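S.K.: So that we are looking at the same thing, I have put the structure below in structure tokens.
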Amino acid sequence: MKIKKFIVDTMPEAMQRIRSELGEDAVILSSKEIETGGFLGFFTKKKLEVIAAIDEERRPKPRRVERPKPKKRDVYDELSELKQLVHQISEQIDEKRVPTSEYPAPFQTIDDHLRRQGVTKKVRLQLMKHLLRKWSEQADASFELSGLVRELDRYVERELAKLRFGGIDFQKKVVVIVGPTGVGKTTTIAKIAADSVLKKHKKVALITTDTYRIAAVDQLKTYAKILNIPIEVAYSIDDFKNAVEQFARFDLIIVDSAGRNFRNPLYVEELSKVIDFDDDVETFLTLSLTSKYEDMKEIVDQFSLLPIEQVILTKKDETGTFGAMFNIPFELKKGIAYVTDGQNVPDDFVEASIPYIKRSVIGEIIDE
């Protein structure tokens, strides 16, 4: 048996050199990422080390008879080689060793698009692993980008269906909106109230516990006056309970909480001193799409002591990357209730749905 080691930049390059030097019957024994060159550990370059072998005794002799339909045979050979490459990459993904630049071209197009949208590497690996395995299972598979995008669409649909999307269902009377300062929480509450009153014809009342910012209270009072709905200010948990009792005959009570620095560990504890998060309360966490995803994760973790049902994403109009719409459901296992994309009340506001989420993140891959 003849064994040879190849140091290359990409797996396709390795496949080409192995075929050229060892022949079509060679097999790949192992592959791994290594670092080469550099000086004293600096300026190294990542390469792939691929070890292949050929059984000399079984190595076929050159054929003298021409193969019929050589062009068609070449296509089958290439397809087989590509499937072998896909299988190897899929296995490497399981071991988290694959460089993200090693996908065949159409797969790389999808991965590049998701990366530009801000989808995390963890989520991208999950999606790419599914696409690679699904493709390798098909007898007549091709590398058409449109087919891969359709399969991605179907897979995302199935995964997101495990979570809850869409707005308030009025199963619980009290809805509390929480979140850090600066995410547009008060304006979002006005939009939810307007939607509930004007479109769903519900009897709505407001409670605000945001006594830190007089402007926020005045703003919410202005919206309440326009919508002709009552509002109460709660300074303590007793005030909160009295207000809820006062609005007992209403269909929906929306509670605006104080927006504070989410890194303050006492923030959530302070909320619990003013708001009674009992079984008849539904809690939504408001996040801005303009925030870094690492900050979003930290905010979700900070509020993990509260029974967060879904998240609300704001400021979609202020960014061009919507990867958080995938990251939050796939990584944090939270559904999305609403997405806002402007300041106009009651407009610039949609109930999130799986088709809307998919369209926002993957809808333009083929157009690029």
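Just remember, in the structure tokens the first chain shown is A, the second B, etc., residues are 1-based per chain, and ligands are 1-based in the order shown.
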Report as number ranges by chain: the residues of range 224-323 of chain A with a DSSP assignment of helix (DSSP H, G or I), based on the backbone of this structure.
M.R.: A: 224-227, 237-246, 266-274, 293-302, 316-318
S.K.: If we count only C-alpha atoms, what is near Glu232 in chain A at a cut-off of 8 Å, once residues fewer than 3 positions away on the same chain are taken out, given as a PyMOL selection string?
M.R.: chain A and resi 206-208+243
S.K.: Write out the residues from the selection above, keeping N, CA, C and O atoms, as a PDB file, in the first residue's frame.
M.R.:
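Writing done, so here's part_12.pdb:
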```
ATOM      1  N   LEU A 206     -53.887  50.558  30.439  1.00  0.00           N
ATOM      2  CA  LEU A 206     -52.435  50.620  30.580  1.00  0.00           C
ATOM      3  C   LEU A 206     -52.044  50.857  32.038  1.00  0.00           C
ATOM      4  O   LEU A 206     -52.736  51.556  32.775  1.00  0.00           O
ATOM      5  N   ILE A 207     -50.922  50.235  32.419  1.00  0.00           N
ATOM      6  CA  ILE A 207     -50.287  50.505  33.702  1.00  0.00           C
ATOM      7  C   ILE A 207     -48.819  50.780  33.416  1.00  0.00           C
ATOM      8  O   ILE A 207     -48.183  50.032  32.671  1.00  0.00           O
ATOM      9  N   THR A 208     -48.276  51.834  33.999  1.00  0.00           N
ATOM     10  CA  THR A 208     -46.844  52.082  33.853  1.00  0.00           C
ATOM     11  C   THR A 208     -46.172  52.067  35.218  1.00  0.00           C
ATOM     12  O   THR A 208     -46.689  52.631  36.183  1.00  0.00           O
ATOM     13  N   ALA A 243     -54.338  48.460  40.642  1.00  0.00           N
ATOM     14  CA  ALA A 243     -54.646  48.842  39.256  1.00  0.00           C
ATOM     15  C   ALA A 243     -55.193  47.652  38.477  1.00  0.00           C
ATOM     16  O   ALA A 243     -56.151  47.787  37.710  1.00  0.00           O
TER      17      ALA A 243
END
```
S.K.: Write out as number ranges by chain which residues come within 7 Å of Gly118 in chain A when counting only C-alpha atoms, dropping same-chain ones fewer than 2 positions away.
M.R.: A: 114-116, 120, 321-324
S.K.: Distance CA of Gly23 in chain A-CA of Val50 in chain A, one decimal place?
M.R.: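 Computing it gives 15.2 Å between the two atoms.
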S.K.: Nearest to Gln126 in chain A: which of A:Val156, A:Leu285, A:Ile168, A:Ile336 is it, counting only C-alpha atoms?
M.R.: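 Distance minimum relative to Gln126 in chain A lands on A:Val156.
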S.K.: Report the closest atom pair, with its distance in Å rounded to one decimal, for each residue of range 293-321 of chain A that has an atom no farther than 8 Å from range 180-203 of chain A; count only C-alpha atoms, sort by chain and then rising residue number, and write it as JSON lines.
M.R.:
```
{"residue": "A:Ile299", "atom": "CA", "partner": "A:Pro180", "partner_atom": "CA", "distance": 7.8}
{"residue": "A:Thr314", "atom": "CA", "partner": "A:Val183", "partner_atom": "CA", "distance": 6.7}
{"residue": "A:Lys315", "atom": "CA", "partner": "A:Val183", "partner_atom": "CA", "distance": 7.8}
```
S.K.: For those residues, write C-alpha atoms to a file as a tab-separated table (two decimals), in the first residue's frame.
M.R.:
```
chain	number	residue	atom	x	y	z
A	299	ILE	CA	-29.98	40.63	28.13
A	314	THR	CA	-37.52	46.71	17.36
A	315	LYS	CA	-35.73	49.10	14.96
```
S.K.: Please compute the CA of Leu22 in chain A-CA of Lys4 in chain A distance, one decimal, in Å.
M.R.: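 Separating CA of Leu22 in chain A from CA of Lys4 in chain A is a distance of 8.5 Å.
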S.K.: Would you list the contacts of Lys316 in chain A as a ChimeraX atom specification, taking every protein, DNA or RNA residue within 6 Å and counting only C-alpha atoms, but skipping same-chain residues closer than 2 positions in sequence?
M.R.: /A:289,314,318-319,341
S.K.: I need the residues from that last selection saved to file as an mmCIF file, in the first residue's frame (with C-alpha atoms), if you can.
M.R.:
```
data_model
loop_
_atom_site.group_PDB
_atom_site.id
_atom_site.type_symbol
_atom_site.label_atom_id
_atom_site.label_comp_id
_atom_site.auth_asym_id
_atom_site.auth_seq_id
_atom_site.Cartn_x
_atom_site.Cartn_y
_atom_site.Cartn_z
ATOM 1 C CA LEU A 289 -32.104 44.623 16.140
ATOM 2 C CA THR A 314 -37.521 46.707 17.359
ATOM 3 C CA GLU A 318 -32.329 51.003 11.314
ATOM 4 C CA THR A 319 -30.274 47.979 10.245
ATOM 5 C CA ASP A 341 -39.703 48.952 11.701
#
```
